[in-house]
Amino acid sequence: MKLAKPFLLVVAVLAIAGALAYAMIDKPAAPASTFTTLEGKSISLDDLRGKIVLVNFWATSCPGCVKEMPDLIETYHQYKDRGFEVVAVAMSYDPPNYVANFAKTRQLPFPVALDVSGAHAHAFGDVQLTPTSFIIDTGMAASWNRNWVNSTSPS
């Protein structure tokens with residue numbers, strides 16, 4: 001028992017030091033992207049500076065993407081008034097009419113953009129697997145998560 005308290009203190013100090021070190025690590029900057037929504041509106045990531053932004057690459061043919069949408073909608077509604085924004089980017093191989101139909105029937109409350117040429121997927125590190133999500137902080141640093149539903153880290 002006498003060794004338990006010093007051990008726990010050392011573990012706590014190491015955990016705090018690790019958290020501080022992680023916070024100070026330079027994170028990659030988000031690409032300077034401007035998305036065009038289904039409605040033809042332009043959304044620049046620079047215009048969203050000061051918000052937490054989730055850029056979600058998805059496809060209507062992706063079962064995981066379809067499965068995660070209700071959770072993504074719920075998260076958006078829960079945090080949108082606190083500076084959270086979602087931009088759902090449909091992959092280049094996804095037919096625009098499928099994307100528009102999906103967005104309309106599921107009543108997606110956030111902007112949905114088409115990546116017709118694949119330029120956005122390329123700018124975000126050649127995204128090929130869906131769903132792939134990037135969290136962009138208020139200072140426009142990006143981190144990513146390949147699977148929003150299961151919250152697994154990339155390997």
# chains A, B, ... in the order shown; residues from 1 in each chain; ligands from 1
call {"tool": "residues_around", "arguments": {"residues": "A:Met91", "least_positions_apart": "2", "cutoff": "8 Å", "atoms": "only C-alpha atoms", "output": "PyMOL selection string"}}
result
chain A and resi 57-59+89+93-94+114-116+118+121
call {"tool": "write_last_selection", "arguments": {"atoms": "N, CA and C atoms", "output": "PDB file, in the first residue's frame"}}
result
ATOM      1  N   PHE A  57     -15.620  13.083 -45.604  1.00  0.00           N
ATOM      2  CA  PHE A  57     -15.658  12.519 -46.951  1.00  0.00           C
ATOM      3  C   PHE A  57     -16.508  11.259 -46.894  1.00  0.00           C
ATOM      4  N   TRP A  58     -17.484  11.164 -47.777  1.00  0.00           N
ATOM      5  CA  TRP A  58     -18.454  10.080 -47.724  1.00  0.00           C
ATOM      6  C   TRP A  58     -18.964   9.760 -49.129  1.00  0.00           C
ATOM      7  N   ALA A  59     -19.762   8.703 -49.214  1.00  0.00           N
ATOM      8  CA  ALA A  59     -20.376   8.323 -50.483  1.00  0.00           C
ATOM      9  C   ALA A  59     -21.721   7.662 -50.194  1.00  0.00           C
ATOM     10  N   VAL A  89     -18.543  16.058 -47.715  1.00  0.00           N
ATOM     11  CA  VAL A  89     -17.991  16.115 -49.067  1.00  0.00           C
ATOM     12  C   VAL A  89     -18.186  14.761 -49.741  1.00  0.00           C
ATOM     13  N   TYR A  93     -16.651   9.855 -57.317  1.00  0.00           N
ATOM     14  CA  TYR A  93     -17.336   8.771 -58.022  1.00  0.00           C
ATOM     15  C   TYR A  93     -18.825   8.690 -57.696  1.00  0.00           C
ATOM     16  N   ASP A  94     -19.269   9.501 -56.754  1.00  0.00           N
ATOM     17  CA  ASP A  94     -20.676   9.487 -56.342  1.00  0.00           C
ATOM     18  C   ASP A  94     -21.502  10.333 -57.308  1.00  0.00           C
ATOM     19  N   LEU A 114     -19.987  18.617 -53.421  1.00  0.00           N
ATOM     20  CA  LEU A 114     -19.560  17.606 -54.385  1.00  0.00           C
ATOM     21  C   LEU A 114     -18.077  17.805 -54.675  1.00  0.00           C
ATOM     22  N   ASP A 115     -17.343  16.714 -54.690  1.00  0.00           N
ATOM     23  CA  ASP A 115     -15.923  16.764 -55.066  1.00  0.00           C
ATOM     24  C   ASP A 115     -15.796  16.128 -56.445  1.00  0.00           C
ATOM     25  N   VAL A 116     -16.371  16.773 -57.431  1.00  0.00           N
ATOM     26  CA  VAL A 116     -16.496  16.223 -58.784  1.00  0.00           C
ATOM     27  C   VAL A 116     -15.151  15.809 -59.375  1.00  0.00           C
ATOM     28  N   GLY A 118     -12.268  15.366 -57.608  1.00  0.00           N
ATOM     29  CA  GLY A 118     -11.406  14.688 -56.646  1.00  0.00           C
ATOM     30  C   GLY A 118     -10.345  15.595 -56.044  1.00  0.00           C
ATOM     31  N   ALA A 121     -10.428  15.635 -52.106  1.00  0.00           N
ATOM     32  CA  ALA A 121      -9.872  14.396 -51.552  1.00  0.00           C
ATOM     33  C   ALA A 121      -8.350  14.410 -51.684  1.00  0.00           C
TER      34      ALA A 121
END
call {"tool": "atom_distance", "arguments": {"atom1": "atom CA of A:Pro131", "atom2": "atom CA of A:Gln78"}}
result
20.9 Å
call {"tool": "select_by_dssp", "arguments": {"residues": "stretch 105-146 of chain A", "states": "strand (DSSP E or B)", "output": "list in words"}}
result
Val112, Ala113, Leu114, Thr132, Ser133, Phe134, Ile135, Ile136, Ala141, Ala142, Ser143, Trp144 and Asn145 of chain A
call {"tool": "closest_residue", "arguments": {"among": "A:Leu72, A:Ala119, A:Val99, A:Cys65", "to": "A:Glu85", "atoms": "only C-alpha atoms"}}
result
A:Leu72
call {"tool": "residues_around", "arguments": {"residues": "A:Val55", "least_positions_apart": "2", "cutoff": "9 Å", "atoms": "only C-alpha atoms", "output": "list of chain:residue names"}}
result
A:Val53, A:Phe57, A:Glu85, A:Val86, A:Val87, A:Ala88, A:Val89, A:Thr132, A:Ser133, A:Phe134, A:Ile135, A:Ile136
call {"tool": "write_last_selection", "arguments": {"atoms": "N, CA and C atoms", "output": "PDB file, in the first residue's frame"}}
result
ATOM      1  N   VAL A  53     -14.574  22.498 -37.186  1.00  0.00           N
ATOM      2  CA  VAL A  53     -15.175  22.037 -38.435  1.00  0.00           C
ATOM      3  C   VAL A  53     -14.872  20.559 -38.630  1.00  0.00           C
ATOM      4  N   PHE A  57     -15.620  13.083 -45.604  1.00  0.00           N
ATOM      5  CA  PHE A  57     -15.658  12.519 -46.951  1.00  0.00           C
ATOM      6  C   PHE A  57     -16.508  11.259 -46.894  1.00  0.00           C
ATOM      7  N   GLU A  85     -19.262  23.131 -36.997  1.00  0.00           N
ATOM      8  CA  GLU A  85     -19.789  23.082 -38.365  1.00  0.00           C
ATOM      9  C   GLU A  85     -19.385  21.764 -39.004  1.00  0.00           C
ATOM     10  N   VAL A  86     -20.229  21.262 -39.870  1.00  0.00           N
ATOM     11  CA  VAL A  86     -19.949  20.055 -40.628  1.00  0.00           C
ATOM     12  C   VAL A  86     -20.003  20.408 -42.109  1.00  0.00           C
ATOM     13  N   VAL A  87     -19.056  19.892 -42.871  1.00  0.00           N
ATOM     14  CA  VAL A  87     -19.107  19.964 -44.325  1.00  0.00           C
ATOM     15  C   VAL A  87     -18.990  18.526 -44.812  1.00  0.00           C
ATOM     16  N   ALA A  88     -20.064  18.011 -45.406  1.00  0.00           N
ATOM     17  CA  ALA A  88     -20.073  16.642 -45.928  1.00  0.00           C
ATOM     18  C   ALA A  88     -19.654  16.696 -47.389  1.00  0.00           C
ATOM     19  N   VAL A  89     -18.543  16.058 -47.715  1.00  0.00           N
ATOM     20  CA  VAL A  89     -17.991  16.115 -49.067  1.00  0.00           C
ATOM     21  C   VAL A  89     -18.186  14.761 -49.741  1.00  0.00           C
ATOM     22  N   THR A 132     -14.127   9.059 -44.171  1.00  0.00           N
ATOM     23  CA  THR A 132     -12.919   9.652 -43.590  1.00  0.00           C
ATOM     24  C   THR A 132     -13.287  11.055 -43.157  1.00  0.00           C
ATOM     25  N   SER A 133     -13.014  11.368 -41.899  1.00  0.00           N
ATOM     26  CA  SER A 133     -13.365  12.677 -41.354  1.00  0.00           C
ATOM     27  C   SER A 133     -12.139  13.393 -40.828  1.00  0.00           C
ATOM     28  N   PHE A 134     -12.129  14.685 -41.015  1.00  0.00           N
ATOM     29  CA  PHE A 134     -11.075  15.549 -40.496  1.00  0.00           C
ATOM     30  C   PHE A 134     -11.705  16.535 -39.529  1.00  0.00           C
ATOM     31  N   ILE A 135     -11.118  16.668 -38.356  1.00  0.00           N
ATOM     32  CA  ILE A 135     -11.534  17.678 -37.388  1.00  0.00           C
ATOM     33  C   ILE A 135     -10.563  18.834 -37.543  1.00  0.00           C
ATOM     34  N   ILE A 136     -11.095  20.005 -37.806  1.00  0.00           N
ATOM     35  CA  ILE A 136     -10.260  21.187 -37.986  1.00  0.00           C
ATOM     36  C   ILE A 136     -10.579  22.132 -36.835  1.00  0.00           C
TER      37      ILE A 136
END
call {"tool": "decode", "arguments": {"residues": "stretch 106-136 of chain A", "atoms": "C-alpha atoms", "output": "compact mmCIF listing (two decimals), in the first residue's frame"}}
result
# COMPACT_ATOMS: atom_id res chain seq x y z
CA ARG A 106 -32.29 12.41 -45.04
CA GLN A 107 -32.79 16.17 -44.52
CA LEU A 108 -29.09 16.76 -43.94
CA PRO A 109 -28.90 20.02 -41.96
CA PHE A 110 -25.30 20.86 -42.85
CA PRO A 111 -23.66 21.81 -46.14
CA VAL A 112 -23.14 18.99 -48.62
CA ALA A 113 -20.47 19.52 -51.25
CA LEU A 114 -19.56 17.61 -54.38
CA ASP A 115 -15.92 16.76 -55.07
CA VAL A 116 -16.50 16.22 -58.78
CA SER A 117 -12.82 16.33 -59.79
CA GLY A 118 -11.41 14.69 -56.65
CA ALA A 119 -9.39 17.82 -55.87
CA HIS A 120 -10.64 18.04 -52.28
CA ALA A 121 -9.87 14.40 -51.55
CA HIS A 122 -6.40 14.99 -53.02
CA ALA A 123 -5.86 18.15 -50.94
CA PHE A 124 -6.74 16.24 -47.77
CA GLY A 125 -4.07 13.61 -48.38
CA ASP A 126 -5.55 11.56 -51.21
CA VAL A 127 -8.62 10.34 -49.34
CA GLN A 128 -9.79 7.09 -50.90
CA LEU A 129 -11.57 5.29 -48.07
CA THR A 130 -14.94 6.39 -46.81
CA PRO A 131 -15.96 7.52 -44.36
CA THR A 132 -12.92 9.65 -43.59
CA SER A 133 -13.37 12.68 -41.35
CA PHE A 134 -11.07 15.55 -40.50
CA ILE A 135 -11.53 17.68 -37.39
CA ILE A 136 -10.26 21.19 -37.99
